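Everything below belongs to data.pdb, which stores PDB, C-alpha atoms.
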ATOM      1  CA  MET G   1      -8.106 -55.185   7.454
ATOM      2  CA  THR G   2      -6.286 -58.030   9.253
ATOM      3  CA  GLU G   3      -7.848 -61.472   8.863
ATOM      4  CA  PRO G   4      -7.357 -64.080  11.620
ATOM      5  CA  LEU G   5      -5.419 -67.187  10.679
ATOM      6  CA  ALA G   6      -7.314 -70.478  10.509
ATOM      7  CA  SER G   7      -6.318 -73.220  12.956
ATOM      8  CA  ASP G   8      -7.434 -76.617  14.253
ATOM      9  CA  SER G   9      -8.411 -75.114  17.604
ATOM     10  CA  HIS G  10     -11.978 -74.120  18.377
ATOM     11  CA  PHE G  11     -10.690 -71.713  21.009
ATOM     12  CA  GLU G  12      -8.184 -70.004  18.712
ATOM     13  CA  ASP G  13     -10.694 -69.702  15.884
ATOM     14  CA  ASP G  14     -13.663 -68.693  18.012
ATOM     15  CA  THR G  15     -11.811 -65.973  19.950
ATOM     16  CA  ALA G  16     -10.085 -64.505  16.882
ATOM     17  CA  VAL G  17     -10.131 -60.726  16.535
ATOM     18  CA  ARG G  18      -9.560 -58.654  13.431
ATOM     19  CA  LEU G  19      -8.772 -54.987  12.943
ATOM     20  CA  VAL G  20     -11.261 -53.230  10.657
ATOM     21  CA  ASP G  21     -10.829 -49.485  10.057
ATOM     22  CA  GLY G  22      -9.025 -49.092  13.361
ATOM     23  CA  VAL G  23     -11.582 -51.048  15.430
ATOM     24  CA  TRP G  24     -11.270 -54.629  16.663
ATOM     25  CA  LYS G  25     -14.071 -56.981  15.712
ATOM     26  CA  ALA G  26     -14.897 -60.588  16.540
ATOM     27  CA  ASP G  27     -17.630 -63.127  15.876
ATOM     28  CA  LEU G  28     -19.289 -64.720  18.908
ATOM     29  CA  LYS G  29     -19.892 -68.419  18.301
ATOM     30  CA  PRO G  30     -22.898 -70.205  19.872
ATOM     31  CA  GLY G  31     -20.727 -73.214  20.739
ATOM     32  CA  TRP G  32     -19.618 -71.339  23.888
ATOM     33  CA  ASN G  33     -23.130 -70.611  25.143
ATOM     34  CA  VAL G  34     -24.854 -71.438  28.391
ATOM     35  CA  GLY G  35     -28.447 -71.426  27.213
ATOM     36  CA  ASP G  36     -28.851 -68.379  24.984
ATOM     37  CA  ASN G  37     -25.916 -66.469  26.484
ATOM     38  CA  PRO G  38     -22.167 -66.586  25.774
ATOM     39  CA  ASN G  39     -20.042 -67.796  28.686
ATOM     40  CA  GLY G  40     -18.311 -64.991  30.616
ATOM     41  CA  GLY G  41     -14.843 -66.520  30.356
ATOM     42  CA  TYR G  42     -15.246 -66.834  26.587
ATOM     43  CA  LEU G  43     -16.234 -63.164  26.309
ATOM     44  CA  LEU G  44     -13.309 -62.171  28.511
ATOM     45  CA  ALA G  45     -10.865 -64.133  26.344
ATOM     46  CA  ILE G  46     -12.035 -62.271  23.237
ATOM     47  CA  ALA G  47     -11.560 -58.909  24.938
ATOM     48  CA  VAL G  48      -8.124 -59.967  26.203
ATOM     49  CA  ARG G  49      -6.986 -60.936  22.698
ATOM     50  CA  ALA G  50      -7.643 -57.388  21.529
ATOM     51  CA  MET G  51      -5.960 -56.015  24.657
ATOM     52  CA  LEU G  52      -2.833 -58.104  24.048
ATOM     53  CA  GLU G  53      -2.695 -56.805  20.488
ATOM     54  CA  GLU G  54      -2.992 -53.196  21.705
ATOM     55  CA  SER G  55      -0.303 -53.677  24.366
ATOM     56  CA  SER G  56       2.173 -55.668  22.221
ATOM     57  CA  ARG G  57       2.599 -57.987  25.214
ATOM     58  CA  PRO G  58       2.089 -61.760  25.114
ATOM     59  CA  ASP G  59       0.390 -62.464  28.461
ATOM     60  CA  PRO G  60      -2.504 -61.159  30.562
ATOM     61  CA  LEU G  61      -1.300 -60.698  34.147
ATOM     62  CA  SER G  62      -4.543 -59.445  35.669
ATOM     63  CA  VAL G  63      -7.929 -58.835  34.078
ATOM     64  CA  THR G  64     -11.230 -57.718  35.574
ATOM     65  CA  ALA G  65     -14.485 -57.801  33.633
ATOM     66  CA  HIS G  66     -17.850 -56.290  34.502
ATOM     67  CA  TYR G  67     -20.740 -57.839  32.585
ATOM     68  CA  LEU G  68     -23.323 -55.200  31.713
ATOM     69  CA  SER G  69     -25.739 -57.070  29.435
ATOM     70  CA  PRO G  70     -25.472 -60.395  27.583
ATOM     71  CA  PRO G  71     -24.673 -60.228  23.866
ATOM     72  CA  SER G  72     -25.852 -62.824  21.377
ATOM     73  CA  ALA G  73     -24.081 -64.858  18.721
ATOM     74  CA  GLY G  74     -22.761 -62.718  15.898
ATOM     75  CA  GLU G  75     -20.392 -59.831  15.350
ATOM     76  CA  VAL G  76     -19.204 -57.646  18.197
ATOM     77  CA  GLU G  77     -16.956 -54.602  18.318
ATOM     78  CA  ILE G  78     -14.100 -54.374  20.822
ATOM     79  CA  ARG G  79     -13.018 -50.830  21.633
ATOM     80  CA  ALA G  80      -9.599 -51.292  23.200
ATOM     81  CA  GLY G  81      -6.708 -49.006  24.002
ATOM     82  CA  VAL G  82      -3.706 -48.496  26.257
ATOM     83  CA  PHE G  83      -4.277 -45.991  29.061
ATOM     84  CA  LYS G  84      -0.951 -46.438  30.869
ATOM     85  CA  PRO G  85       2.085 -47.743  28.963
ATOM     86  CA  GLY G  86       5.080 -49.187  30.763
ATOM     87  CA  LYS G  87       8.270 -51.167  30.215
ATOM     88  CA  THR G  88       7.100 -54.296  32.035
ATOM     89  CA  ILE G  89       3.372 -53.793  32.542
ATOM     90  CA  VAL G  90       0.955 -52.141  30.122
ATOM     91  CA  ASN G  91      -2.507 -51.189  31.375
ATOM     92  CA  VAL G  92      -5.298 -51.560  28.840
ATOM     93  CA  MET G  93      -9.066 -51.045  28.794
ATOM     94  CA  ALA G  94     -11.542 -52.785  26.491
ATOM     95  CA  GLU G  95     -15.267 -52.569  25.866
ATOM     96  CA  ILE G  96     -17.342 -55.134  23.991
ATOM     97  CA  TRP G  97     -20.224 -53.531  22.066
ATOM     98  CA  GLN G  98     -23.090 -55.068  20.126
ATOM     99  CA  ASP G  99     -26.168 -53.438  18.584
ATOM    100  CA  GLY G 100     -25.228 -50.042  19.970
ATOM    101  CA  ARG G 101     -24.958 -51.258  23.583
ATOM    102  CA  GLU G 102     -21.894 -51.811  25.725
ATOM    103  CA  ARG G 103     -21.990 -55.433  26.914
ATOM    104  CA  VAL G 104     -18.721 -55.982  28.800
ATOM    105  CA  ARG G 105     -16.067 -53.636  30.187
ATOM    106  CA  VAL G 106     -12.575 -54.927  31.015
ATOM    107  CA  LEU G 107      -9.492 -53.488  32.707
ATOM    108  CA  GLY G 108      -6.230 -55.383  32.446
ATOM    109  CA  ALA G 109      -2.506 -55.421  33.052
ATOM    110  CA  MET G 110      -0.556 -57.054  30.208
ATOM    111  CA  GLY G 111       3.042 -58.259  30.397
ATOM    112  CA  ASP G 112       5.489 -61.021  29.564
ATOM    113  CA  LEU G 113       5.503 -63.895  32.045
ATOM    114  CA  SER G 114       8.718 -65.299  30.572
ATOM    115  CA  ARG G 115      10.590 -62.154  31.663
ATOM    116  CA  ARG G 116       9.316 -61.970  35.218
ATOM    117  CA  ARG G 117      12.064 -62.107  37.858
ATOM    118  CA  GLY G 118      11.784 -61.961  41.639
ATOM    119  CA  PRO G 119      11.146 -63.976  44.788
ATOM    120  CA  SER G 120       8.666 -66.861  44.755
ATOM    121  CA  ARG G 121       6.945 -68.682  47.592
ATOM    122  CA  VAL G 122       3.829 -70.821  47.145
ATOM    123  CA  SER G 123       2.197 -72.188  50.289
ATOM    124  CA  ALA G 124      -0.885 -73.358  48.388
ATOM    125  CA  ARG G 125      -0.918 -76.910  47.046
ATOM    126  CA  PRO G 126      -2.886 -78.443  44.188
ATOM    127  CA  PRO G 127      -5.817 -80.602  45.334
ATOM    128  CA  ASP G 128      -5.132 -84.311  45.733
ATOM    129  CA  ILE G 129      -7.541 -86.190  43.471
ATOM    130  CA  PRO G 130      -7.222 -89.300  41.264
ATOM    131  CA  PRO G 131      -5.710 -88.854  37.777
ATOM    132  CA  PRO G 132      -8.046 -87.991  34.886
ATOM    133  CA  ASP G 133      -8.357 -91.609  33.694
ATOM    134  CA  GLU G 134      -9.772 -92.553  37.103
ATOM    135  CA  CYS G 135     -12.283 -89.704  37.177
ATOM    136  CA  VAL G 136     -15.758 -89.462  35.682
ATOM    137  CA  SER G 137     -16.675 -87.259  32.724
ATOM    138  CA  LEU G 138     -19.130 -84.530  33.687
ATOM    139  CA  LEU G 139     -20.575 -84.718  30.177
ATOM    140  CA  ASP G 140     -21.320 -88.428  30.634
ATOM    141  CA  LEU G 141     -22.865 -87.821  34.059
ATOM    142  CA  THR G 142     -25.106 -85.135  32.603
ATOM    143  CA  HIS G 143     -26.231 -87.389  29.749
ATOM    144  CA  GLN G 144     -26.907 -90.284  32.144
ATOM    145  CA  ALA G 145     -29.033 -88.024  34.326
ATOM    146  CA  GLY G 146     -31.101 -87.030  31.298
ATOM    147  CA  ARG G 147     -30.244 -83.367  31.728
ATOM    148  CA  ALA G 148     -29.704 -80.827  28.977
ATOM    149  CA  VAL G 149     -26.030 -80.186  28.260
ATOM    150  CA  PRO G 150     -24.982 -76.537  27.805
ATOM    151  CA  GLU G 151     -23.295 -76.019  24.440
ATOM    152  CA  ILE G 152     -20.075 -74.888  26.114
ATOM    153  CA  MET G 153     -19.546 -78.292  27.763
ATOM    154  CA  ASN G 154     -18.942 -79.783  24.311
ATOM    155  CA  ARG G 155     -15.823 -77.596  24.101
ATOM    156  CA  PHE G 156     -14.271 -78.981  27.300
ATOM    157  CA  ASP G 157     -13.343 -82.379  28.702
ATOM    158  CA  LEU G 158     -14.083 -82.023  32.428
ATOM    159  CA  ARG G 159     -13.632 -84.940  34.817
ATOM    160  CA  LEU G 160     -14.558 -85.195  38.491
ATOM    161  CA  PRO G 161     -13.592 -87.744  41.160
ATOM    162  CA  GLU G 162     -16.246 -90.410  41.685
ATOM    163  CA  ASP G 163     -16.681 -89.281  45.287
ATOM    164  CA  SER G 164     -16.885 -85.587  44.381
ATOM    165  CA  PRO G 165     -18.978 -83.579  46.883
ATOM    166  CA  TRP G 166     -20.097 -81.265  44.073
ATOM    167  CA  GLY G 167     -23.853 -80.844  44.118
ATOM    168  CA  ARG G 168     -24.277 -82.384  47.570
ATOM    169  CA  PRO G 169     -22.267 -80.518  50.222
ATOM    170  CA  GLY G 170     -22.775 -81.342  53.875
ATOM    171  CA  GLU G 171     -24.591 -78.956  56.189
ATOM    172  CA  GLY G 172     -22.324 -75.956  56.792
ATOM    173  CA  ASP G 173     -19.769 -77.064  54.178
ATOM    174  CA  PRO G 174     -18.800 -74.762  51.299
ATOM    175  CA  PHE G 175     -20.078 -75.383  47.807
ATOM    176  CA  GLU G 176     -17.089 -76.798  45.926
ATOM    177  CA  ILE G 177     -16.075 -78.431  42.659
ATOM    178  CA  THR G 178     -12.658 -79.906  41.865
ATOM    179  CA  GLY G 179     -11.609 -81.700  38.697
ATOM    180  CA  TRP G 180      -9.393 -82.042  35.650
ATOM    181  CA  ILE G 181     -10.125 -79.994  32.534
ATOM    182  CA  ARG G 182      -8.775 -79.587  29.007
ATOM    183  CA  PHE G 183     -10.079 -78.572  25.598
ATOM    184  CA  ARG G 184     -11.950 -81.442  23.985
ATOM    185  CA  ASP G 185     -10.166 -80.862  20.656
ATOM    186  CA  GLY G 186      -6.761 -81.419  22.304
ATOM    187  CA  THR G 187      -5.552 -77.799  22.190
ATOM    188  CA  ASP G 188      -2.994 -77.213  24.942
ATOM    189  CA  PRO G 189      -3.721 -74.449  27.466
ATOM    190  CA  SER G 190      -2.098 -71.026  27.270
ATOM    191  CA  SER G 191      -1.957 -67.866  29.351
ATOM    192  CA  LEU G 192      -4.814 -66.499  27.219
ATOM    193  CA  SER G 193      -7.033 -69.570  27.546
ATOM    194  CA  ALA G 194      -6.413 -69.572  31.309
ATOM    195  CA  VAL G 195      -8.945 -66.735  31.564
ATOM    196  CA  ALA G 196     -11.518 -68.941  29.822
ATOM    197  CA  PHE G 197     -10.719 -72.018  31.934
ATOM    198  CA  ALA G 198     -11.219 -69.873  35.054
ATOM    199  CA  ASP G 199     -14.929 -69.682  34.144
ATOM    200  CA  ALA G 200     -15.336 -73.073  32.459
ATOM    201  CA  PHE G 201     -16.397 -75.192  35.449
ATOM    202  CA  PRO G 202     -20.127 -75.329  36.245
ATOM    203  CA  PRO G 203     -21.233 -73.198  39.212
ATOM    204  CA  THR G 204     -20.170 -74.594  42.577
ATOM    205  CA  LEU G 205     -23.721 -74.682  43.916
ATOM    206  CA  LEU G 206     -25.455 -76.159  40.867
ATOM    207  CA  GLY G 207     -27.441 -79.216  41.908
ATOM    208  CA  ALA G 208     -27.088 -78.416  45.601
ATOM    209  CA  ILE G 209     -29.818 -75.766  45.761
ATOM    210  CA  GLU G 210     -32.832 -74.949  43.639
ATOM    211  CA  ALA G 211     -31.296 -72.727  40.972
ATOM    212  CA  ALA G 212     -31.640 -72.169  37.264
ATOM    213  CA  GLY G 213     -28.905 -73.591  35.068
ATOM    214  CA  TRP G 214     -27.412 -70.168  34.321
ATOM    215  CA  VAL G 215     -25.693 -68.268  37.139
ATOM    216  CA  PRO G 216     -24.868 -64.909  35.513
ATOM    217  CA  THR G 217     -21.532 -63.357  36.387
ATOM    218  CA  ILE G 218     -21.526 -59.751  37.559
ATOM    219  CA  GLU G 219     -17.747 -59.372  37.885
ATOM    220  CA  LEU G 220     -14.850 -61.721  37.164
ATOM    221  CA  THR G 221     -11.176 -61.185  37.998
ATOM    222  CA  VAL G 222      -8.404 -63.527  36.861
ATOM    223  CA  HIS G 223      -4.735 -63.343  37.844
ATOM    224  CA  VAL G 224      -2.514 -65.372  35.496
ATOM    225  CA  ARG G 225       0.637 -66.498  37.324
ATOM    226  CA  SER G 226       2.431 -68.717  34.804
ATOM    227  CA  ARG G 227       2.205 -70.073  31.287
ATOM    228  CA  PRO G 228       0.728 -73.557  31.672
ATOM    229  CA  ALA G 229       2.534 -76.723  30.664
ATOM    230  CA  ALA G 230       0.901 -78.909  28.021
ATOM    231  CA  GLY G 231      -1.815 -81.293  29.133
ATOM    232  CA  TRP G 232      -4.569 -81.226  31.708
ATOM    233  CA  LEU G 233      -5.309 -78.395  34.096
ATOM    234  CA  LEU G 234      -6.460 -79.133  37.633
ATOM    235  CA  GLY G 235      -9.089 -76.717  38.889
ATOM    236  CA  THR G 236     -10.762 -76.185  42.218
ATOM    237  CA  PHE G 237     -13.523 -73.643  42.890
ATOM    238  CA  ARG G 238     -15.243 -72.841  46.173
ATOM    239  CA  THR G 239     -18.132 -70.717  47.418
ATOM    240  CA  ARG G 240     -18.339 -69.906  51.116
ATOM    241  CA  VAL G 241     -20.826 -67.045  51.124
ATOM    242  CA  LEU G 242     -24.227 -66.964  49.412
ATOM    243  CA  VAL G 243     -26.407 -64.111  50.661
ATOM    244  CA  ASP G 244     -29.661 -62.893  49.120
ATOM    245  CA  GLY G 245     -28.889 -64.517  45.798
ATOM    246  CA  LEU G 246     -25.335 -63.177  45.429
ATOM    247  CA  MET G 247     -22.446 -65.635  45.586
ATOM    248  CA  GLU G 248     -18.681 -65.373  45.418
ATOM    249  CA  GLU G 249     -16.574 -68.083  43.801
ATOM    250  CA  ASP G 250     -12.821 -68.405  44.362
ATOM    251  CA  GLY G 251     -10.811 -70.539  41.968
ATOM    252  CA  GLU G 252      -7.363 -72.001  41.420
ATOM    253  CA  LEU G 253      -5.907 -73.586  38.282
ATOM    254  CA  TRP G 254      -2.789 -75.786  38.345
ATOM    255  CA  ASP G 255      -0.939 -77.218  35.342
ATOM    256  CA  SER G 256       0.333 -80.746  34.676
ATOM    257  CA  ASP G 257       3.657 -79.877  36.323
ATOM    258  CA  GLY G 258       1.895 -78.874  39.537
ATOM    259  CA  ARG G 259       2.499 -75.140  39.062
ATOM    260  CA  PRO G 260      -0.096 -72.474  39.854
ATOM    261  CA  VAL G 261      -1.455 -71.073  36.578
ATOM    262  CA  ALA G 262      -4.285 -68.759  37.582
ATOM    263  CA  LEU G 263      -6.311 -67.492  40.524
ATOM    264  CA  SER G 264      -9.818 -66.165  40.072
ATOM    265  CA  ARG G 265     -12.707 -64.614  41.945
ATOM    266  CA  GLN G 266     -16.140 -63.758  40.688
ATOM    267  CA  LEU G 267     -19.419 -62.364  41.947
ATOM    268  CA  ALA G 268     -22.507 -63.952  40.429
ATOM    269  CA  THR G 269     -26.284 -63.904  40.737
ATOM    270  CA  VAL G 270     -28.183 -67.084  41.564
ATOM    271  CA  LEU G 271     -31.370 -67.220  39.539
ATOM    272  CA  THR G 272     -34.111 -69.409  41.023
ATOM    273  CA  ARG G 273     -36.697 -71.186  38.947
TER     274      ARG G 273
END
What is this file in structure tokens?
Amino acid sequence: MTEPLASDSHFEDDTAVRLVDGVWKADLKPGWNVGDNPNGGYLLAIAVRAMLEESSRPDPLSVTAHYLSPPSAGEVEIRAGVFKPGKTIVNVMAEIWQDGRERVRVLGAMGDLSRRRGPSRVSARPPDIPPPDECVSLLDLTHQAGRAVPEIMNRFDLRLPEDSPWGRPGEGDPFEITGWIRFRDGTDPSSLSAVAFADAFPPTLLGAIEAAGWVPTIELTVHVRSRPAAGWLLGTFRTRVLVDGLMEEDGELWDSDGRPVALSRQLATVLTR
């Protein structure tokens, strides 16, 4: 049995996996919940940790998760294995099980971002917003509005521009949220935590339409493009199509050096009250 090492990071501790009799196990912590359910990015990060261990590679390059049923806080089993080895890219599958039910299924390509070589061209640009010190804490805004704060928001420091259109888009405009984010305990981002940050912002349409606070993810894909520099990440997420209660959300994460860190897309269900 391999015990995880203790650290000062909530993320490192709360996504730790351990090998018990040939099976990976982890303990879901309620501090990453939205209501009664663990956040999808948090669940994905746990699966990816086991997948990285199986692949002997340091970075997730692409991961896609399908969420089958929400688990609860407590122990889960991660059944992970390599299904296509390779010199530069190793393909891995993982399943998260709890109480005899499969909860999440993940496919991923693992590699080493520090060894990637080849042409680069980035036409995208990070959004132009004020620095974090000139933005407003989403946690403070939520408290001031007298709204309940999801447990997961205590794990992140998320700041929005004062003139943010989030929650009040114009007629015909996309739902959008853009802001700075980091772990509240000061842990610097990594290629692993990028998959959690890709699902850490509140839903783009929350506050703009009559919806419940939880917008359950059906499928989430994250492409990790670089290991992030220390400091804040800048994220922008946009929804252009909401039809019959199904929404897509496209996201970008940029590091403190202005480099693209991750791209994401998810399909989610909008639950009305």
I'd like the neighbourhood of stretch 93-105 of chain G as number ranges by chain, where a residue qualifies if any of its atoms comes within 10 Å (using only C-alpha atoms), though same-chain residues fewer than 6 positions away should be ignored. G: 24-26, 40, 43-44, 46-48, 50-51, 54, 63-84, 218-219
Name the residues captured by the PyMOL selection byres ((chain G and resi 246) around 9) when it is applied to the shown file; answer as a VMD selection string. chain G and resid 241 to 245 247 to 248 267 to 270
File dump, residues just selected, C-alpha atoms, as a PDB file, in the frame of the given file:
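Saved the output as result.pdb:
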ATOM      1  CA  VAL G 241     -20.826 -67.045  51.124  1.00  0.00           C
ATOM      2  CA  LEU G 242     -24.227 -66.964  49.412  1.00  0.00           C
ATOM      3  CA  VAL G 243     -26.407 -64.111  50.661  1.00  0.00           C
ATOM      4  CA  ASP G 244     -29.661 -62.893  49.120  1.00  0.00           C
ATOM      5  CA  GLY G 245     -28.889 -64.517  45.798  1.00  0.00           C
ATOM      6  CA  MET G 247     -22.446 -65.635  45.586  1.00  0.00           C
ATOM      7  CA  GLU G 248     -18.681 -65.373  45.418  1.00  0.00           C
ATOM      8  CA  LEU G 267     -19.419 -62.364  41.947  1.00  0.00           C
ATOM      9  CA  ALA G 268     -22.507 -63.952  40.429  1.00  0.00           C
ATOM     10  CA  THR G 269     -26.284 -63.904  40.737  1.00  0.00           C
ATOM     11  CA  VAL G 270     -28.183 -67.084  41.564  1.00  0.00           C
TER      12      VAL G 270
END
Evaluated on this file, the PyMOL selection byres ((chain G and resi 233) around 8) picks out some residues - which ones are they, written as an MDAnalysis selection string? chainID G and resid 180:182 189 231:232 234:235 253:256
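You will find atom CA of G:Leu263 at 15.7 Å from atom CA of G:Thr204.
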Find the distance between atom CA of G:Gly207 and atom CA of G:Asp157 and write it in Å to one decimal. 19.6 Å
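Closest to G:Arg184 among G:Ser137, G:Asn33, G:Asn154, G:Thr88 is G:Asn154, based on all atoms listed in the file.
Note on the selection: in this file the PyMOL selection byres ((chain G and resi 206) around 12) comes out as Pro165, Trp166, Gly167, Arg168, Pro169, Phe175, Glu176, Ile177, Phe201, Pro202, Pro203, Thr204, Leu205, Gly207, Ala208, Ile209, Glu210, Ala211, Ala212, Gly213, Trp214, Val215, Arg238, Thr239, Met247, Val270, Leu271 and Thr272 of chain G.
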Quick one: residues within 7 Å of G:Ser191, all atoms listed in the file, excluding same-chain residues fewer than 6 positions away - as a PyMOL selection string? chain G and resi 59-60+224+227-228
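One distance worth recording is that between atom CA of G:Pro130 and atom CA of G:Gly179, which is 9.1 Å.
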Which neighbours of stretch 9-13 of chain G fall inside 8 Å, counting only C-alpha atoms, when residues of the same chain fewer than 5 positions from it are skipped, and could you give them as a PDB file with C-alpha atoms, in the frame of the given file?
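Listing of around16.pdb after writing:
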ATOM      1  CA  PRO G   4      -7.357 -64.080  11.620  1.00  0.00           C
ATOM      2  CA  ARG G 155     -15.823 -77.596  24.101  1.00  0.00           C
ATOM      3  CA  ASP G 185     -10.166 -80.862  20.656  1.00  0.00           C
ATOM      4  CA  THR G 187      -5.552 -77.799  22.190  1.00  0.00           C
ATOM      5  CA  SER G 193      -7.033 -69.570  27.546  1.00  0.00           C
TER       6      SER G 193
END
Best match for closeness to G:His223 among G:Met110, G:Val136, G:Ala148, G:Val90, counting all atoms listed in the file: G:Met110
Quick one: everything within 12 Å of G:Arg116, counting all atoms listed in the file, minus sequence neighbours fewer than 4 positions away in the same chain. Send it as a PyMOL selection string. chain G and resi 59+61+87-89+111-112+120+225-227
Measuring atom to atom with only C-alpha atoms, identify which of G:Pro174, G:Pro132, G:Gly86, G:Gly186 is nearest to G:Leu160.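 Among G:Pro174, G:Pro132, G:Gly86, G:Gly186, it is G:Pro132 that comes nearest to G:Leu160.
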